[in-house]
file target.cif (mmCIF, C-alpha atoms)
data_start
#
loop_
_atom_site.label_atom_id
_atom_site.label_comp_id
_atom_site.auth_asym_id
_atom_site.auth_seq_id
_atom_site.Cartn_x
_atom_site.Cartn_y
_atom_site.Cartn_z
CA MET A 160 99.73 168.41 155.05
CA SER A 161 100.55 169.15 151.45
CA SER A 162 99.37 171.69 148.96
CA MET A 163 98.13 168.73 146.90
CA THR A 164 95.09 168.36 149.20
CA ASP A 165 94.40 172.09 148.99
CA TYR A 166 94.39 171.82 145.21
CA ALA A 167 91.93 168.97 145.40
CA GLN A 168 89.56 170.92 147.64
CA THR A 169 89.59 174.08 145.58
CA ASN A 170 89.50 172.73 142.05
CA TRP A 171 86.09 171.14 141.68
CA GLY A 172 86.02 172.36 138.05
CA ALA A 173 88.66 169.71 137.25
CA ALA A 174 86.20 167.27 135.71
CA LYS A 175 85.28 169.76 133.00
CA LYS A 176 88.74 169.84 131.46
CA PHE A 177 90.03 166.49 132.72
CA ARG A 178 88.33 163.10 132.84
CA LEU A 179 89.39 159.48 133.14
CA ILE A 180 88.08 157.14 130.43
CA LEU A 181 87.24 153.45 130.82
CA ARG A 182 87.51 151.07 127.85
CA GLU A 183 85.31 148.01 128.23
CA GLN A 184 84.84 145.50 125.38
CA GLY A 185 85.36 148.12 122.72
CA THR A 186 83.07 150.75 124.30
CA VAL A 187 84.46 153.88 125.85
CA ARG A 188 82.81 155.70 128.75
CA GLU A 189 83.75 158.25 131.37
CA MET A 190 84.87 156.84 134.69
CA GLY A 191 82.40 157.43 137.54
CA GLY A 192 82.95 159.70 140.52
CA GLU A 193 80.58 162.56 139.74
CA ASP A 194 79.88 163.04 143.43
CA MET A 195 83.37 164.59 143.48
CA SER A 196 84.74 162.74 146.46
CA LEU A 197 88.08 164.00 147.72
CA ALA A 198 90.01 161.12 146.08
CA VAL A 199 88.53 161.93 142.66
CA GLY A 200 89.61 165.56 142.96
CA ILE A 201 93.10 164.61 144.11
CA VAL A 202 93.61 162.11 141.26
CA ASP A 203 92.40 164.66 138.69
CA ASN A 204 94.79 167.24 140.10
CA ILE A 205 97.76 164.90 140.18
CA PHE A 206 97.24 164.30 136.44
CA MET A 207 96.46 167.92 135.53
CA ASN A 208 99.49 169.31 137.36
CA ALA A 209 101.65 166.69 135.67
CA LEU A 210 100.28 167.46 132.20
CA GLU A 211 100.68 171.21 132.66
CA THR A 212 104.31 170.94 133.80
CA GLY A 213 105.58 168.61 131.04
CA THR A 214 106.00 165.62 133.37
CA SER A 215 106.97 162.26 131.84
CA ASP A 216 106.44 160.02 134.91
CA ILE A 217 104.39 160.27 138.11
CA HIS A 218 105.67 158.38 141.18
CA LEU A 219 103.44 157.75 144.21
CA GLN A 220 105.78 156.39 146.86
CA PRO A 221 104.48 155.02 150.19
CA GLU A 222 106.37 156.03 153.33
CA ARG A 223 105.59 155.23 156.95
CA ASP A 224 103.41 158.28 157.56
CA GLN A 225 102.57 159.60 154.07
CA LEU A 226 102.32 158.93 150.32
CA ARG A 227 104.97 161.01 148.58
CA ILE A 228 104.18 162.42 145.13
CA ARG A 229 107.07 162.95 142.72
CA TYR A 230 107.15 164.09 139.08
CA ARG A 231 109.93 163.33 136.59
CA GLN A 232 110.57 166.43 134.49
CA ASP A 233 113.32 166.54 131.85
CA GLY A 234 114.68 163.28 133.24
CA VAL A 235 114.96 164.41 136.90
CA LEU A 236 112.56 163.59 139.77
CA HIS A 237 111.09 166.49 141.79
CA ASP A 238 109.06 166.30 145.01
CA THR A 239 105.64 167.87 144.48
CA GLY A 240 103.71 167.04 147.64
CA GLN A 241 102.42 164.29 149.89
CA LEU A 242 99.15 162.77 151.05
CA PRO A 243 98.18 161.44 154.50
CA PRO A 244 97.68 157.62 154.64
CA GLU A 245 93.88 157.85 155.04
CA GLN A 246 93.57 159.62 151.66
CA ALA A 247 96.31 157.58 150.00
CA GLN A 248 94.20 154.40 150.14
CA ASN A 249 91.29 155.95 148.21
CA VAL A 250 93.60 157.63 145.67
CA LEU A 251 95.37 154.32 144.93
CA ALA A 252 92.02 152.51 144.69
CA ARG A 253 90.77 154.97 142.05
CA LEU A 254 94.03 154.73 140.08
CA LYS A 255 94.01 150.91 140.17
CA LEU A 256 90.39 150.85 139.06
CA SER A 257 91.08 153.21 136.13
CA ALA A 258 94.11 151.08 135.09
CA GLY A 259 92.02 147.89 135.03
CA MET A 260 93.89 146.42 138.02
CA ARG A 261 92.37 144.42 140.88
CA ILE A 262 91.78 146.62 143.92
CA ASP A 263 91.81 143.67 146.35
CA GLU A 264 95.22 142.42 145.11
CA GLN A 265 97.93 143.99 147.27
CA ARG A 266 100.61 141.31 147.32
CA GLU A 267 101.39 140.90 143.62
CA PRO A 268 102.79 143.45 141.12
CA GLN A 269 100.21 144.63 138.57
CA ASP A 270 100.40 146.49 135.24
CA GLY A 271 97.76 148.46 133.40
CA ARG A 272 96.90 151.35 131.14
CA ILE A 273 94.96 154.49 132.06
CA ASP A 274 93.09 156.45 129.37
CA MET A 275 92.17 160.08 129.90
CA GLU A 276 90.98 163.25 128.22
CA TYR A 277 92.49 166.63 128.99
CA MET A 278 91.43 169.90 127.33
CA GLY A 279 89.92 167.86 124.49
CA ARG A 280 93.11 165.80 123.95
CA ARG A 281 93.19 162.00 124.25
CA LEU A 282 96.09 160.81 126.41
CA SER A 283 97.05 157.65 128.21
CA ALA A 284 99.42 156.46 130.92
CA ARG A 285 101.23 153.17 131.43
CA ALA A 286 100.74 152.17 135.06
CA SER A 287 102.67 149.82 137.33
CA CYS A 288 101.89 148.92 140.93
CA VAL A 289 104.36 147.07 143.17
CA PRO A 290 103.90 146.07 146.85
CA CYS A 291 106.55 147.66 149.11
CA LEU A 292 107.34 147.75 152.83
CA ASN A 293 104.93 150.61 153.62
CA GLY A 294 102.24 150.00 151.00
CA GLU A 295 102.02 149.97 147.22
CA LYS A 296 104.29 152.05 144.97
CA PHE A 297 102.38 153.30 141.94
CA VAL A 298 104.26 154.66 138.92
CA MET A 299 102.71 156.08 135.75
CA ARG A 300 104.45 156.94 132.46
CA LEU A 301 102.40 159.60 130.67
CA LEU A 302 102.00 158.95 126.95
CA ASP A 303 101.09 161.93 124.81
CA PRO A 304 100.40 161.07 121.15
CA THR A 305 101.28 164.63 120.09
CA ALA A 306 104.74 164.22 121.65
CA MET A 307 105.32 161.29 119.33
CA LYS A 308 104.57 163.23 116.18
CA VAL A 309 108.07 164.45 116.57
CA ASP A 310 109.94 165.45 113.47
CA LEU A 311 113.20 163.62 112.83
CA ALA A 312 114.89 166.96 112.14
CA LYS A 313 113.93 168.26 115.62
CA LEU A 314 115.63 165.54 117.67
CA GLY A 315 118.95 167.40 117.65
CA MET A 316 120.90 165.25 115.20
CA PRO A 317 123.90 167.01 113.61
CA GLU A 318 123.22 167.69 109.93
CA ASP A 319 125.54 164.99 108.57
CA VAL A 320 124.12 162.35 110.97
CA LEU A 321 120.54 163.30 110.04
CA LYS A 322 121.34 163.02 106.32
CA ARG A 323 123.02 159.61 106.70
CA TRP A 324 120.31 158.26 109.06
CA SER A 325 117.51 159.44 106.71
CA ARG A 326 119.20 157.57 103.86
CA ALA A 327 119.69 154.45 106.01
CA ILE A 328 116.01 154.10 106.97
CA GLN A 329 114.97 154.22 103.30
CA VAL A 330 116.88 151.04 102.39
CA PRO A 331 114.62 148.13 101.32
CA TYR A 332 115.95 145.52 103.77
CA GLY A 333 118.43 144.92 106.59
CA LEU A 334 118.72 145.60 110.31
CA ILE A 335 118.77 149.11 111.82
CA MET A 336 119.38 149.50 115.56
CA VAL A 337 119.01 152.36 118.04
CA THR A 338 120.92 151.85 121.26
CA GLY A 339 121.11 153.50 124.66
CA PRO A 340 119.85 153.08 128.25
CA THR A 341 116.22 153.35 129.36
CA GLY A 342 114.88 156.88 128.94
CA SER A 343 117.39 157.94 126.29
CA GLY A 344 114.72 158.64 123.63
CA LYS A 345 115.22 155.50 121.52
CA THR A 346 111.48 154.94 121.00
CA SER A 347 110.97 158.58 119.96
CA THR A 348 113.71 158.20 117.33
CA LEU A 349 112.15 154.98 115.99
CA TYR A 350 108.65 156.50 115.85
CA ALA A 351 109.99 159.62 114.11
CA SER A 352 111.83 157.34 111.65
CA LEU A 353 108.70 155.26 110.94
CA ASN A 354 106.78 158.47 110.27
CA GLN A 355 109.25 159.16 107.45
CA LEU A 356 108.37 155.89 105.73
CA ASP A 357 105.50 155.64 103.27
CA SER A 358 102.91 153.45 105.00
CA LYS A 359 100.51 153.66 102.02
CA THR A 360 102.64 151.51 99.74
CA ARG A 361 104.39 149.45 102.42
CA ASN A 362 103.09 147.01 105.00
CA ILE A 363 104.51 148.30 108.32
CA VAL A 364 104.06 146.23 111.49
CA THR A 365 105.33 146.81 115.04
CA VAL A 366 105.72 144.53 118.05
CA GLU A 367 106.14 146.47 121.29
CA ASP A 368 106.17 146.06 125.04
CA PRO A 369 104.26 148.20 125.84
CA ILE A 370 102.64 150.04 122.90
CA GLU A 371 103.48 153.60 123.88
CA TYR A 372 101.74 155.50 121.10
CA GLU A 373 99.10 154.66 118.54
CA PHE A 374 99.91 155.37 114.90
CA GLU A 375 97.09 156.98 112.99
CA LYS A 376 96.78 154.69 109.98
CA ASN A 377 98.19 151.79 107.96
CA ILE A 378 100.45 150.49 110.74
CA ALA A 379 99.55 147.33 112.68
CA GLN A 380 100.76 147.32 116.30
CA VAL A 381 100.92 144.28 118.56
CA GLN A 382 101.35 144.33 122.34
CA VAL A 383 103.68 141.69 123.84
CA THR A 384 102.17 139.57 126.65
CA GLU A 385 103.31 136.47 128.54
CA ARG A 386 101.70 134.28 125.89
CA LEU A 387 102.50 136.56 122.93
CA THR A 388 106.28 136.86 123.26
CA PHE A 389 108.55 138.87 120.94
CA PRO A 390 109.78 135.77 119.02
CA LYS A 391 106.23 134.39 118.65
CA VAL A 392 104.82 137.66 117.25
CA MET A 393 107.85 138.18 114.98
CA ARG A 394 107.43 134.70 113.50
CA SER A 395 103.73 135.36 112.88
CA PHE A 396 104.51 138.73 111.33
CA LEU A 397 106.89 137.18 108.81
CA ARG A 398 103.89 135.27 107.41
CA GLN A 399 101.96 138.56 107.06
CA ASP A 400 103.98 139.87 104.10
CA PRO A 401 105.65 142.78 105.95
CA ASP A 402 107.94 145.34 104.30
CA VAL A 403 109.02 147.03 107.54
CA MET A 404 108.99 145.52 111.02
CA MET A 405 109.67 147.53 114.17
CA VAL A 406 110.64 145.42 117.17
CA GLY A 407 110.45 147.23 120.52
CA GLU A 408 113.59 145.59 121.89
CA MET A 409 115.98 142.72 121.12
CA ARG A 410 115.99 141.08 124.53
CA ASP A 411 117.23 137.57 123.78
CA SER A 412 119.13 135.55 121.23
CA GLU A 413 115.92 134.05 119.76
CA SER A 414 114.47 137.50 118.90
CA LEU A 415 117.83 138.56 117.45
CA GLN A 416 118.08 135.43 115.28
CA ILE A 417 114.58 136.02 113.84
CA GLY A 418 115.37 139.74 113.34
CA ILE A 419 118.60 138.92 111.47
CA GLN A 420 116.86 136.31 109.30
CA ALA A 421 114.08 138.80 108.50
CA GLY A 422 116.68 141.45 107.58
CA LEU A 423 118.51 139.02 105.31
CA THR A 424 115.35 137.79 103.57
CA GLY A 425 114.13 141.14 102.29
CA HIS A 426 112.51 142.92 105.23
CA LEU A 427 113.60 146.16 106.91
CA VAL A 428 113.82 145.60 110.68
CA LEU A 429 114.12 148.57 113.08
CA THR A 430 114.82 147.78 116.71
CA THR A 431 116.40 148.92 119.98
CA ILE A 432 119.11 147.22 122.01
CA HIS A 433 120.86 148.18 125.27
CA THR A 434 124.58 148.94 124.87
CA ASN A 435 126.91 151.80 125.86
CA ASN A 436 127.75 152.96 122.34
CA ALA A 437 127.23 152.15 118.66
CA ILE A 438 130.31 149.98 118.08
CA GLU A 439 129.80 147.92 121.26
CA THR A 440 126.47 146.79 119.78
CA ILE A 441 128.33 144.44 117.41
CA GLY A 442 130.01 142.71 120.36
CA ARG A 443 126.66 142.49 122.17
CA MET A 444 125.11 140.76 119.16
CA ARG A 445 127.95 138.23 119.19
CA ASP A 446 127.30 137.67 122.92
CA MET A 447 123.68 136.98 121.97
CA GLU A 448 124.95 134.10 119.77
CA ALA A 449 124.76 135.83 116.38
CA GLU A 450 127.40 134.77 113.84
CA SER A 451 129.81 137.51 112.68
CA TYR A 452 129.16 136.87 108.97
CA LEU A 453 125.39 137.26 109.54
CA ILE A 454 125.87 140.50 111.55
CA SER A 455 128.05 141.94 108.77
CA GLY A 456 125.55 140.93 106.09
CA VAL A 457 122.49 142.43 107.77
CA THR A 458 123.70 145.61 109.53
CA VAL A 459 122.55 148.82 107.81
CA GLY A 460 123.15 151.29 110.62
CA ILE A 461 123.55 151.58 114.40
CA LEU A 462 122.62 154.82 116.16
CA ALA A 463 123.56 155.40 119.80
CA GLN A 464 121.95 158.25 121.71
CA ARG A 465 121.51 159.98 125.07
CA LEU A 466 119.40 162.94 126.20
CA VAL A 467 120.84 166.14 127.71
CA ARG A 468 118.81 168.94 129.28
CA LEU A 469 118.64 172.21 127.35
CA ASN A 470 119.59 175.50 128.99
CA CYS A 471 116.53 177.63 129.75
CA SER A 472 116.29 180.30 127.03
CA LYS A 473 114.94 182.90 129.50
CA CYS A 474 117.66 182.80 132.16
CA ARG A 475 120.79 181.42 130.51
CA HIS A 476 124.01 183.38 131.00
CA HIS A 477 127.72 182.95 130.24
CA TYR A 478 129.82 180.79 132.59
CA THR A 479 133.16 178.97 132.61
CA PRO A 480 133.22 175.20 133.27
CA GLU A 481 135.52 173.68 135.90
CA PRO A 482 138.99 172.52 134.69
CA ASP A 483 138.20 168.85 135.43
CA GLU A 484 135.00 169.13 133.33
CA LEU A 485 137.02 170.47 130.40
CA GLU A 486 139.46 167.63 130.86
CA GLN A 487 136.66 165.03 130.75
CA LEU A 488 135.20 166.66 127.65
CA GLN A 489 138.68 166.34 126.07
CA ALA A 490 138.43 169.88 124.68
CA THR A 491 141.44 171.22 122.77
CA ALA A 492 142.81 174.75 123.20
CA GLU A 493 141.60 175.68 119.72
CA GLU A 494 138.05 174.46 120.46
CA LEU A 495 138.02 176.36 123.75
CA SER A 496 138.93 179.61 122.00
CA HIS A 497 135.62 179.49 120.03
CA ALA A 498 133.41 178.15 122.86
CA LYS A 499 130.28 180.03 123.99
CA TRP A 500 129.55 178.29 127.30
CA ALA A 501 126.15 179.00 128.84
CA LYS A 502 124.17 177.95 131.90
CA GLY A 503 120.67 178.70 133.25
CA LYS A 504 120.42 180.71 136.50
CA GLY A 505 116.98 179.41 137.36
CA CYS A 506 113.72 181.31 136.88
CA PRO A 507 109.93 180.71 137.14
CA GLU A 508 109.88 179.61 133.48
CA CYS A 509 112.19 176.62 134.21
CA ARG A 510 110.95 176.14 137.80
CA GLY A 511 114.34 177.23 139.15
CA SER A 512 116.28 174.37 137.54
CA GLY A 513 118.06 176.39 134.82
CA PHE A 514 116.97 173.79 132.22
CA LYS A 515 113.92 173.49 130.00
CA GLY A 516 113.43 170.73 127.44
CA ARG A 517 115.86 168.08 126.22
CA LEU A 518 118.01 167.41 123.18
CA GLY A 519 119.68 164.27 121.89
CA VAL A 520 123.40 163.61 121.50
CA PHE A 521 124.14 160.98 118.87
CA GLU A 522 126.70 158.75 117.22
CA LEU A 523 126.09 156.76 114.06
CA ILE A 524 127.90 153.97 112.24
CA LEU A 525 126.74 152.65 108.88
CA GLY A 526 127.28 149.18 107.41
CA THR A 527 129.76 150.28 104.72
CA PRO A 528 131.81 147.58 102.90
CA ASP A 529 134.86 148.39 105.09
CA LEU A 530 132.89 148.06 108.32
CA ARG A 531 131.25 144.83 107.16
CA ALA A 532 134.65 143.34 106.36
CA SER A 533 135.86 144.46 109.79
CA ILE A 534 132.89 142.74 111.51
CA THR A 535 133.54 139.51 109.58
CA ARG A 536 137.25 139.63 110.58
CA GLU A 537 136.18 140.23 114.21
CA ASP A 538 138.53 143.21 114.51
CA SER A 539 139.32 144.75 117.90
CA PHE A 540 137.29 147.72 119.21
CA PRO A 541 140.03 150.36 118.45
CA LYS A 542 140.39 149.00 114.89
CA MET A 543 136.64 149.25 114.29
CA VAL A 544 136.61 152.82 115.67
CA GLU A 545 139.38 153.68 113.20
CA ILE A 546 137.35 152.27 110.29
CA ALA A 547 134.18 154.06 111.50
CA ARG A 548 136.11 157.37 111.69
CA LYS A 549 136.73 157.13 107.94
CA GLN A 550 132.96 157.25 107.31
CA GLY A 551 132.63 160.38 109.49
CA TYR A 552 131.84 158.71 112.84
CA ARG A 553 131.95 161.00 115.90
CA THR A 554 131.32 159.81 119.46
CA MET A 555 128.39 161.02 121.57
CA LEU A 556 130.92 162.80 123.78
CA GLU A 557 132.19 164.78 120.78
CA ASP A 558 128.64 165.61 119.68
CA GLY A 559 127.75 166.67 123.25
CA LYS A 560 130.92 168.78 123.49
CA THR A 561 129.93 170.63 120.29
CA LYS A 562 126.44 171.30 121.71
CA ALA A 563 127.81 172.48 125.07
CA MET A 564 130.32 174.80 123.37
CA ALA A 565 127.48 176.31 121.33
CA GLY A 566 125.64 177.13 124.59
CA TRP A 567 122.80 174.62 124.18
CA THR A 568 123.62 172.75 127.37
CA THR A 569 126.30 172.63 130.10
CA ALA A 570 129.56 170.67 130.20
CA ASP A 571 128.41 168.92 133.38
CA GLU A 572 125.16 167.78 131.71
CA VAL A 573 127.06 166.23 128.76
CA ILE A 574 129.49 164.40 131.07
CA ARG A 575 126.56 163.07 133.13
CA ALA A 576 124.78 161.79 130.00
CA VAL A 577 127.78 160.08 128.39
CA TYR A 578 129.85 159.38 131.50
CA THR A 579 131.13 156.03 130.19
CA GLN A 580 132.90 157.76 127.32
CA SER A 581 134.28 160.59 129.46
CA LEU A 582 135.95 157.94 131.65
CA GLU A 583 137.79 156.35 128.73
#
call {"tool": "encode", "arguments": {"input": "target.cif", "output": "structure tokens"}}
result
Amino acid sequence: MSSMTDYAQTNWGAAKKFRLILREQGTVREMGGEDMSLAVGIVDNIFMNALETGTSDIHLQPERDQLRIRYRQDGVLHDTGQLPPEQAQNVLARLKLSAGMRIDEQREPQDGRIDMEYMGRRLSARASCVPCLNGEKFVMRLLDPTAMKVDLAKLGMPEDVLKRWSRAIQVPYGLIMVTGPTGSGKTSTLYASLNQLDSKTRNIVTVEDPIEYEFEKNIAQVQVTERLTFPKVMRSFLRQDPDVMMVGEMRDSESLQIGIQAGLTGHLVLTTIHTNNAIETIGRMRDMEAESYLISGVTVGILAQRLVRLNCSKCRHHYTPEPDELEQLQATAEELSHAKWAKGKGCPECRGSGFKGRLGVFELILGTPDLRASITREDSFPKMVEIARKQGYRTMLEDGKTKAMAGWTTADEVIRAVYTQSLE
């Protein structure tokens, strides 16, 4: 029996500082459950514990004899308790109800959104429910609007990259891309970038799947559905006189074609795409049937990023990385002589992990005349890297190495985040 149930039994005051909200046809009301049944208390506690520990995702995973509860904190999943099957059913029913899902549907995957209030703050969660062997797996991504009011300068960009990126997003038209795997902070970078733009004098529209955070004013956001696909919404948007269009993701060649056309016809398009690094993005666009001369004409900048965990400020101490780690980081003797390696021991502040918070590692290429000519010529990857180097391009591995040597994070953490480059 887990401590989770104990929490639920002892914390009947939960409803005062935490409550689930139901949105129905424009009206907002508190979700029922005032009789404080056990399931209500457990659900409230699952959310409150997650919100108090800086959790990004909550996983409820069914096993043969229990429902396991796991929290993702700083990108890593941690076990936080389990529930017996007889309680699991009621907990899942309440969560499905609050997410607007059908309780009687247990064979099909379902998606939804949960709205909540905690300590006077409005929050929401993106919910997904999938039938598995032992029951239904329920995963929630917590969305905190305050987390999205992130300042571009606080993402961890090196000064020169920040300066060049800030200039790039102020151009009147073209295509700007942020690339990286899921969970690498691409959306945060795009939101922080949009916050830099003047929405009073510009018409800014976004098409997202899902809408993770609501902007406060002057920005129209559209949620993608099966009927409202990315290409369909983008085409409609182009008839709405937009200045800036943010597209959640370029998933197919049709979206890319519309995005390129929009960038060439006087609109600024910001989007994300999944590739290993900034320069590979050009090859990926060619794979998605974009012509080289169009890519060269529209590309303003491509930013690749990953997230690394920060050493805990309370318990970090000096350490020396393993020789093979230094080899993968490709550190020179001169660099090593100035390095201040640090690592967290683990303390209550960081829940024994040695890490607290995350920081980005970045690489940026800009569409300079040389690079555009290189794209049109369809130069090889090494040749394009050489041209990018002339504009000050540094790889994510090099940026991560600098941050590890300054004691912000560990060598191992950098290698894990940008492992594809450390293999090259």
call {"tool": "residues_near_point", "arguments": {"input": "target.cif", "point": "(107.4, 162.2, 136.8)", "cutoff": "10 Å", "atoms": "only C-alpha atoms", "output": "list in words"}}
result
Ala209, Leu210, Thr212, Gly213, Thr214, Ser215, Asp216, Ile217, His218, Leu219, Ile228, Arg229, Tyr230, Arg231, Gln232, Asp233, Gly234, Val235, Leu236, His237, Asp238, Thr239, Val298, Met299, Arg300 and Leu301 of chain A
call {"tool": "residues_around", "arguments": {"input": "target.cif", "residues": "Glu484 in chain A", "least_positions_apart": "4", "cutoff": "7 Å", "atoms": "all atoms listed in the file", "output": "list in words"}}
result
Pro480, Leu488, Ala570 and Asp571 of chain A
call {"tool": "resolve_selection", "arguments": {"input": "target.cif", "expression": "the PyMOL selection byres ((chain A and resi 518) around 8)", "output": "PyMOL selection string"}}
result
chain A and resi 314-315+466-469+516-517+519-520
call {"tool": "write_last_selection", "arguments": {"input": "target.cif", "atoms": "C-alpha atoms", "output": "PDB file, keeping the file's coordinate frame"}}
result
ATOM      1  CA  LEU A 314     115.630 165.540 117.670  1.00  0.00           C
ATOM      2  CA  GLY A 315     118.950 167.400 117.650  1.00  0.00           C
ATOM      3  CA  LEU A 466     119.400 162.940 126.200  1.00  0.00           C
ATOM      4  CA  VAL A 467     120.840 166.140 127.710  1.00  0.00           C
ATOM      5  CA  ARG A 468     118.810 168.940 129.280  1.00  0.00           C
ATOM      6  CA  LEU A 469     118.640 172.210 127.350  1.00  0.00           C
ATOM      7  CA  GLY A 516     113.430 170.730 127.440  1.00  0.00           C
ATOM      8  CA  ARG A 517     115.860 168.080 126.220  1.00  0.00           C
ATOM      9  CA  GLY A 519     119.680 164.270 121.890  1.00  0.00           C
ATOM     10  CA  VAL A 520     123.400 163.610 121.500  1.00  0.00           C
TER      11      VAL A 520
END
call {"tool": "resolve_selection", "arguments": {"input": "target.cif", "expression": "the PyMOL selection byres ((chain A and resi 547-552) around 7)", "output": "number ranges by chain"}}
result
A: 522-524, 530, 543-546, 553-554
call {"tool": "atom_distance", "arguments": {"input": "target.cif", "atom1": "CA of Ala532 in chain A", "atom2": "CA of Gly422 in chain A"}}
result
18.1 Å
call {"tool": "closest_residue", "arguments": {"input": "target.cif", "among": "A:Lys376, A:Lys473, A:Arg575, A:Arg227", "to": "Glu295 in chain A", "atoms": "all atoms listed in the file"}}
result
A:Arg227
call {"tool": "resolve_selection", "arguments": {"input": "target.cif", "expression": "the PyMOL selection byres ((chain A and resi 460) around 9)", "output": "VMD selection string"}}
result
chain A and resid 324 327 to 328 333 to 337 458 to 459 461 to 462 523 to 527
call {"tool": "residues_near_point", "arguments": {"input": "target.cif", "point": "(96.2, 157.5, 113.4)", "cutoff": "12 Å", "atoms": "all atoms listed in the file", "output": "PyMOL selection string"}}
result
chain A and resi 304-305+307-308+354+358+372-380
call {"tool": "residues_around", "arguments": {"input": "target.cif", "residues": "Leu311 in chain A", "least_positions_apart": "2", "cutoff": "10 Å", "atoms": "all atoms listed in the file", "output": "PyMOL selection string"}}
result
chain A and resi 308-309+313-316+321+324-325+347-355
call {"tool": "closest_residue", "arguments": {"input": "target.cif", "among": "A:Ile432, A:Cys506, A:Leu226, A:Val202", "to": "Pro340 in chain A", "atoms": "all atoms listed in the file"}}
result
A:Ile432
call {"tool": "residues_around", "arguments": {"input": "target.cif", "residues": "range 566-569 of chain A", "least_positions_apart": "4", "cutoff": "8 Å", "atoms": "only C-alpha atoms", "output": "CSV table (one decimal) with C-alpha atoms, keeping the file's coordinate frame"}}
result
chain,number,residue,atom,x,y,z
A,467,VAL,CA,120.8,166.1,127.7
A,468,ARG,CA,118.8,168.9,129.3
A,469,LEU,CA,118.6,172.2,127.4
A,470,ASN,CA,119.6,175.5,129.0
A,499,LYS,CA,130.3,180.0,124.0
A,500,TRP,CA,129.6,178.3,127.3
A,501,ALA,CA,126.2,179.0,128.8
A,502,LYS,CA,124.2,178.0,131.9
A,562,LYS,CA,126.4,171.3,121.7
A,573,VAL,CA,127.1,166.2,128.8
call {"tool": "closest_residue", "arguments": {"input": "target.cif", "among": "A:Ile438, A:Leu179, A:Leu356, A:Met564", "to": "Glu493 in chain A", "atoms": "all atoms listed in the file"}}
result
A:Met564
call {"tool": "residues_around", "arguments": {"input": "target.cif", "residues": "Glu264 in chain A", "least_positions_apart": "6", "cutoff": "12 Å", "atoms": "all atoms listed in the file", "output": "CSV table (one decimal) with C-alpha atoms, keeping the file's coordinate frame"}}
result
chain,number,residue,atom,x,y,z
A,251,LEU,CA,95.4,154.3,144.9
A,252,ALA,CA,92.0,152.5,144.7
A,255,LYS,CA,94.0,150.9,140.2
A,256,LEU,CA,90.4,150.8,139.1
A,270,ASP,CA,100.4,146.5,135.2
A,288,CYS,CA,101.9,148.9,140.9
A,289,VAL,CA,104.4,147.1,143.2
A,290,PRO,CA,103.9,146.1,146.8
A,294,GLY,CA,102.2,150.0,151.0
A,295,GLU,CA,102.0,150.0,147.2
